[in-house]
$ cat upload_30.txt   # compact mmCIF, C-alpha atoms
# COMPACT_ATOMS: atom_id res chain seq x y z
CA MET A 1 -69.20 -39.20 -54.93
CA PHE A 2 -66.28 -39.59 -52.51
CA PHE A 3 -65.84 -43.25 -53.49
CA SER A 4 -65.64 -42.28 -57.16
CA LYS A 5 -62.91 -39.69 -56.50
CA PHE A 6 -61.02 -42.10 -54.25
CA ALA A 7 -61.16 -44.85 -56.90
CA THR A 8 -59.83 -42.42 -59.50
CA ALA A 9 -56.91 -41.45 -57.25
CA VAL A 10 -56.08 -45.11 -56.53
CA ALA A 11 -56.18 -45.92 -60.24
CA ALA A 12 -53.71 -43.09 -60.85
CA LEU A 13 -51.37 -44.53 -58.24
CA VAL A 14 -51.50 -47.97 -59.87
CA VAL A 15 -49.78 -46.64 -62.99
CA VAL A 16 -47.03 -44.87 -61.04
CA PRO A 17 -44.40 -47.57 -61.86
CA ALA A 18 -44.81 -46.81 -65.56
CA VAL A 19 -44.08 -43.14 -64.92
CA PHE A 20 -40.84 -44.00 -63.13
CA ALA A 21 -39.84 -46.81 -65.51
CA GLN A 22 -36.16 -46.78 -66.32
CA THR A 23 -33.67 -48.86 -68.23
CA THR A 24 -30.27 -49.90 -66.89
CA HIS A 25 -27.55 -49.96 -69.53
CA ASN A 26 -24.55 -52.14 -68.67
CA VAL A 27 -21.08 -51.38 -70.00
CA VAL A 28 -18.07 -53.63 -69.42
CA VAL A 29 -14.80 -51.77 -68.97
CA GLY A 30 -11.64 -53.63 -70.01
CA GLY A 31 -13.34 -56.97 -70.45
CA SER A 32 -11.88 -57.47 -73.94
CA GLY A 33 -8.65 -55.53 -73.90
CA LEU A 34 -8.66 -51.73 -73.95
CA THR A 35 -12.36 -51.39 -74.68
CA PHE A 36 -15.71 -50.22 -73.40
CA THR A 37 -18.32 -52.80 -74.39
CA PRO A 38 -20.52 -51.45 -75.86
CA ASN A 39 -18.69 -48.26 -76.76
CA GLN A 40 -21.91 -46.39 -77.52
CA VAL A 41 -25.12 -46.18 -75.47
CA VAL A 42 -28.43 -44.51 -76.23
CA ALA A 43 -30.18 -43.69 -72.94
CA ALA A 44 -33.35 -41.82 -72.08
CA VAL A 45 -33.79 -39.34 -69.25
CA GLY A 46 -34.04 -41.33 -66.02
CA ASP A 47 -32.07 -44.30 -67.34
CA VAL A 48 -29.07 -45.58 -65.41
CA VAL A 49 -25.73 -46.43 -67.01
CA THR A 50 -23.62 -48.91 -65.04
CA PHE A 51 -19.94 -49.57 -65.71
CA GLU A 52 -18.43 -52.88 -64.59
CA PHE A 53 -14.64 -52.73 -64.30
CA HIS A 54 -12.42 -55.66 -65.25
CA PRO A 55 -8.62 -56.13 -64.86
CA LYS A 56 -6.32 -54.47 -64.63
CA ASN A 57 -6.93 -50.85 -63.66
CA HIS A 58 -9.17 -48.47 -65.60
CA THR A 59 -11.20 -45.30 -65.15
CA LEU A 60 -14.36 -43.79 -66.55
CA THR A 61 -13.47 -40.15 -67.09
CA GLN A 62 -15.57 -37.55 -68.87
CA SER A 63 -14.04 -35.31 -71.53
CA THR A 64 -15.26 -32.87 -74.12
CA PHE A 65 -15.55 -33.87 -77.76
CA ALA A 66 -12.72 -31.51 -78.65
CA ASN A 67 -10.26 -32.97 -76.12
CA PRO A 68 -10.94 -36.71 -75.84
CA CYS A 69 -8.04 -37.63 -73.55
CA SER A 70 -8.29 -34.73 -71.10
CA PRO A 71 -10.67 -34.60 -68.12
CA MET A 72 -13.52 -32.13 -68.40
CA ALA A 73 -13.67 -29.65 -65.53
CA GLY A 74 -16.45 -30.77 -63.17
CA GLY A 75 -17.05 -33.89 -65.24
CA VAL A 76 -17.84 -37.44 -64.18
CA ASP A 77 -14.82 -39.41 -62.97
CA SER A 78 -14.87 -42.86 -61.39
CA GLY A 79 -11.26 -42.64 -60.25
CA TYR A 80 -8.98 -45.64 -60.74
CA MET A 81 -10.60 -49.06 -60.34
CA PRO A 82 -7.86 -51.66 -59.74
CA VAL A 83 -9.05 -55.23 -60.26
CA ALA A 84 -7.01 -58.38 -59.64
CA ALA A 85 -6.41 -60.70 -62.59
CA ASP A 86 -8.15 -63.56 -60.76
CA ALA A 87 -11.10 -61.48 -59.53
CA THR A 88 -14.53 -63.11 -59.58
CA THR A 89 -16.47 -60.00 -58.55
CA PHE A 90 -16.05 -56.63 -60.19
CA PRO A 91 -16.47 -53.04 -59.01
CA VAL A 92 -19.19 -50.95 -60.60
CA PHE A 93 -19.81 -47.25 -61.09
CA SER A 94 -23.26 -45.94 -62.04
CA PHE A 95 -24.99 -42.70 -62.85
CA ARG A 96 -28.41 -41.54 -63.96
CA ILE A 97 -29.08 -39.60 -67.17
CA ASN A 98 -30.71 -36.22 -66.51
CA GLU A 99 -30.67 -34.79 -70.04
CA VAL A 100 -30.36 -36.35 -73.47
CA THR A 101 -27.18 -34.61 -74.58
CA PRO A 102 -23.95 -36.17 -75.91
CA LEU A 103 -21.56 -37.37 -73.20
CA TRP A 104 -17.97 -38.35 -74.00
CA PHE A 105 -15.79 -40.64 -71.89
CA TYR A 106 -12.36 -42.26 -71.90
CA CYS A 107 -10.02 -44.31 -69.73
CA ALA A 108 -7.36 -42.10 -68.11
CA GLN A 109 -4.95 -44.94 -67.38
CA GLY A 110 -1.61 -44.52 -69.19
CA ASN A 111 -2.11 -44.34 -72.96
CA HIS A 112 -5.41 -46.25 -72.93
CA CYS A 113 -7.32 -43.31 -74.40
CA GLN A 114 -4.78 -42.83 -77.17
CA SER A 115 -5.14 -46.55 -77.86
CA GLY A 116 -8.86 -46.05 -78.53
CA MET A 117 -10.39 -46.79 -75.11
CA VAL A 118 -13.25 -44.29 -75.38
CA MET A 119 -17.05 -44.41 -75.35
CA ALA A 120 -20.02 -42.09 -75.75
CA ILE A 121 -23.60 -41.74 -74.60
CA ASN A 122 -26.38 -40.19 -76.71
CA VAL A 123 -24.31 -39.17 -79.72
CA ASN A 124 -26.24 -36.82 -82.00
CA THR A 125 -26.29 -38.71 -85.29
CA SER A 126 -27.15 -35.55 -87.24
CA SER A 127 -24.07 -33.74 -85.91
CA PRO A 128 -20.53 -33.91 -87.31
CA ASN A 129 -19.46 -34.78 -83.78
CA THR A 130 -19.80 -38.53 -84.34
CA PHE A 131 -18.33 -41.31 -82.27
CA ASP A 132 -15.92 -42.18 -85.07
CA ALA A 133 -14.70 -38.58 -85.11
CA TYR A 134 -14.22 -38.67 -81.34
CA LEU A 135 -12.30 -41.94 -81.60
CA ALA A 136 -10.14 -40.50 -84.37
CA LYS A 137 -9.29 -37.49 -82.23
CA ALA A 138 -8.38 -39.75 -79.32
CA THR A 139 -6.08 -41.92 -81.36
CA GLY A 140 -4.46 -38.93 -83.03
CA SER A 141 -5.66 -39.80 -86.52
CA ALA A 142 -8.09 -36.90 -86.87
CA ALA A 143 -7.33 -34.48 -89.66
CA SER A 144 -6.49 -30.93 -88.70
CA ALA A 145 -9.68 -29.06 -87.94
CA SER A 146 -8.23 -25.63 -88.73
CA GLY A 147 -11.02 -23.22 -89.61
CA SER A 148 -13.79 -25.60 -88.58
CA ALA A 149 -16.51 -24.67 -86.14
CA ALA A 150 -15.81 -25.35 -82.50
CA PRO A 151 -17.74 -28.37 -81.19
CA THR A 152 -20.45 -27.90 -78.63
CA THR A 153 -19.67 -29.22 -75.17
CA GLN A 154 -21.90 -29.99 -72.25
CA THR A 155 -21.81 -29.58 -68.50
CA ALA A 156 -21.79 -32.84 -66.57
CA SER A 157 -23.96 -31.55 -63.75
CA ALA A 158 -26.73 -30.72 -66.23
CA ALA A 159 -26.48 -33.88 -68.29
CA ALA A 160 -25.73 -36.66 -65.82
CA SER A 161 -25.60 -37.00 -62.06
CA VAL A 162 -23.60 -39.77 -60.45
CA THR A 163 -25.67 -41.29 -57.69
CA SER A 164 -23.50 -44.22 -56.72
CA ALA A 165 -19.98 -45.54 -57.15
CA ALA A 166 -18.87 -48.93 -55.86
CA ALA A 167 -15.54 -50.69 -55.91
CA ALA A 168 -13.59 -53.40 -54.17
CA ALA A 169 -10.67 -50.96 -53.95
CA THR A 170 -10.11 -47.53 -55.45
CA SER A 171 -7.43 -44.90 -55.63
CA GLY A 172 -7.68 -41.26 -56.58
CA THR A 173 -10.75 -39.08 -56.05
CA SER A 174 -13.96 -38.48 -57.96
CA SER A 175 -14.62 -35.07 -59.45
CA THR A 176 -17.30 -32.67 -58.29
CA GLY A 177 -19.58 -34.19 -60.92
CA ALA A 178 -19.83 -37.35 -58.80
CA THR A 179 -21.80 -37.69 -55.62
CA GLY A 180 -21.78 -40.64 -53.27
CA ALA A 181 -18.87 -42.67 -51.96
CA PRO A 182 -17.47 -46.03 -53.11
CA ALA A 183 -18.95 -49.09 -51.41
CA GLY A 184 -17.57 -52.61 -51.16
CA ASN A 185 -18.20 -55.71 -53.27
CA GLY A 186 -18.93 -53.77 -56.42
CA ALA A 187 -22.62 -53.29 -55.68
CA GLY A 188 -23.96 -49.76 -55.98
CA HIS A 189 -27.41 -48.34 -55.25
CA LEU A 190 -29.45 -45.49 -56.63
CA ALA A 191 -31.35 -43.01 -54.51
CA SER A 192 -35.16 -43.20 -54.65
CA VAL A 193 -35.98 -39.65 -53.55
CA SER A 194 -38.17 -38.99 -56.58
CA VAL A 195 -40.35 -42.03 -55.89
CA ALA A 196 -40.66 -41.19 -52.20
CA SER A 197 -41.60 -37.59 -52.98
CA PHE A 198 -44.27 -38.78 -55.40
CA ALA A 199 -45.70 -41.14 -52.80
CA LEU A 200 -46.05 -38.27 -50.32
CA THR A 201 -47.65 -36.10 -52.98
CA ALA A 202 -50.08 -38.86 -53.91
CA VAL A 203 -51.12 -39.30 -50.28
CA GLY A 204 -51.78 -35.56 -50.11
CA VAL A 205 -53.96 -35.77 -53.22
CA ILE A 206 -56.06 -38.55 -51.76
CA ALA A 207 -56.42 -36.68 -48.47
CA GLY A 208 -57.58 -33.61 -50.39
CA LEU A 209 -60.21 -35.62 -52.24
CA ALA A 210 -61.56 -36.89 -48.95
CA LEU A 211 -62.30 -33.34 -47.73
$ encode --input "upload_30.txt" --output "structure tokens"
Amino acid sequence: MFFSKFATAVAALVVVPAVFAQTTHNVVVGGSGLTFTPNQVVAAVGDVVTFEFHPKNHTLTQSTFANPCSPMAGGVDSGYMPVAADATTFPVFSFRINEVTPLWFYCAQGNHCQSGMVMAINVNTSSPNTFDAYLAKATGSAASASGSAAPTTQTASAAASVTSAAAAATSGTSSTGATGAPAGNGAGHLASVSVASFALTAVGVIAGLAL
């Protein structure tokens, strides 16, 4: 009887990696002019979005849909990421998706946002708040929205948590939506607290079955 319960518990542990499976989405910042490539990402809860910064000096700054080129209070902000023209390694900034809600971002350097350097994560395709509409607002070509309904915004702390930021050299500071400090050589890491907690829980389950 005990062996049967123990075997069942072990079998449950074997499939743990599937439970914690995640996808890493890579976005290149400034690799082809004033662009995020790709400029739209669809990510599931638990996925990680990593931004690789190229010359010269860009940011990843969160905004609301209504105000594309203004930082959102408490939003995600990588700070400035200066990169030399002859760089062979590039700084990265990563965060994990906690909720599938639309997230809007732009580059805060100079007039980069007004030049169309914006991107979005998990755009609701059934909403009028499309990526094209966000881009139009950023570039100043959006029609007057007088009398239209106010767009829904999201809180960064509920939708995405920054778990690591890495850069060869940075200036400025990250907002309260970002946790973790920059590290050298453009190589970040993500915390594994959830996996560790599950491992401890699983051990407790097996111990309980043995009693």
$ residues_around --input "upload_30.txt" --residues "A:Met117" --least-positions-apart "5" --cutoff "10 Å" --atoms "all atoms listed in the file" --output "list in words"
Val29, Gly30, Gly33, Leu34, Thr35, Phe36, Thr37, Asn39, His58, Leu60, Cys69, Phe105, Tyr106, Cys107, Ala108, Gln109, Asn111, His112, Leu135, Ala138 and Thr139 of chain A
$ write_last_selection --input "upload_30.txt" --atoms "C-alpha atoms" --output "mmCIF file, in the coordinates of the input"
data_model
loop_
_atom_site.group_PDB
_atom_site.id
_atom_site.type_symbol
_atom_site.label_atom_id
_atom_site.label_comp_id
_atom_site.auth_asym_id
_atom_site.auth_seq_id
_atom_site.Cartn_x
_atom_site.Cartn_y
_atom_site.Cartn_z
ATOM 1 C CA VAL A 29 -14.800 -51.770 -68.970
ATOM 2 C CA GLY A 30 -11.640 -53.630 -70.010
ATOM 3 C CA GLY A 33 -8.650 -55.530 -73.900
ATOM 4 C CA LEU A 34 -8.660 -51.730 -73.950
ATOM 5 C CA THR A 35 -12.360 -51.390 -74.680
ATOM 6 C CA PHE A 36 -15.710 -50.220 -73.400
ATOM 7 C CA THR A 37 -18.320 -52.800 -74.390
ATOM 8 C CA ASN A 39 -18.690 -48.260 -76.760
ATOM 9 C CA HIS A 58 -9.170 -48.470 -65.600
ATOM 10 C CA LEU A 60 -14.360 -43.790 -66.550
ATOM 11 C CA CYS A 69 -8.040 -37.630 -73.550
ATOM 12 C CA PHE A 105 -15.790 -40.640 -71.890
ATOM 13 C CA TYR A 106 -12.360 -42.260 -71.900
ATOM 14 C CA CYS A 107 -10.020 -44.310 -69.730
ATOM 15 C CA ALA A 108 -7.360 -42.100 -68.110
ATOM 16 C CA GLN A 109 -4.950 -44.940 -67.380
ATOM 17 C CA ASN A 111 -2.110 -44.340 -72.960
ATOM 18 C CA HIS A 112 -5.410 -46.250 -72.930
ATOM 19 C CA LEU A 135 -12.300 -41.940 -81.600
ATOM 20 C CA ALA A 138 -8.380 -39.750 -79.320
ATOM 21 C CA THR A 139 -6.080 -41.920 -81.360
#
$ residues_near_point --input "upload_30.txt" --point "(-21.9, -43.6, -75.2)" --cutoff "9 Å" --atoms "all atoms listed in the file" --output "CSV table (one decimal) with C-alpha atoms, keeping the file's coordinate frame"
chain,number,residue,atom,x,y,z
A,38,PRO,CA,-20.5,-51.4,-75.9
A,39,ASN,CA,-18.7,-48.3,-76.8
A,40,GLN,CA,-21.9,-46.4,-77.5
A,41,VAL,CA,-25.1,-46.2,-75.5
A,42,VAL,CA,-28.4,-44.5,-76.2
A,43,ALA,CA,-30.2,-43.7,-72.9
A,102,PRO,CA,-24.0,-36.2,-75.9
A,103,LEU,CA,-21.6,-37.4,-73.2
A,104,TRP,CA,-18.0,-38.4,-74.0
A,105,PHE,CA,-15.8,-40.6,-71.9
A,118,VAL,CA,-13.2,-44.3,-75.4
A,119,MET,CA,-17.0,-44.4,-75.4
A,120,ALA,CA,-20.0,-42.1,-75.8
A,121,ILE,CA,-23.6,-41.7,-74.6
A,122,ASN,CA,-26.4,-40.2,-76.7
A,123,VAL,CA,-24.3,-39.2,-79.7
A,131,PHE,CA,-18.3,-41.3,-82.3
$ closest_residue --input "upload_30.txt" --among "A:Asn98, A:Ala66, A:Gly116, A:His54" --to "A:Pro82" --atoms "only C-alpha atoms"
A:His54
$ atom_distance --input "upload_30.txt" --atom1 "atom CA of A:Gly79" --atom2 "atom CA of A:Phe53"
11.4 Å
$ atom_distance --input "upload_30.txt" --atom1 "atom CA of A:Asn57" --atom2 "atom CA of A:Gly31"
11.2 Å
$ atom_distance --input "upload_30.txt" --atom1 "atom CA of A:Ala44" --atom2 "atom CA of A:Gly74"
22.1 Å
$ closest_residue --input "upload_30.txt" --among "A:Thr59, A:Thr89, A:Asn129, A:Ser94" --to "A:Asn26" --atoms "only C-alpha atoms"
A:Ser94
$ closest_residue --input "upload_30.txt" --among "A:Pro91, A:Pro71, A:Gln22, A:Ala84" --to "A:Gly46" --atoms "only C-alpha atoms"
A:Gln22
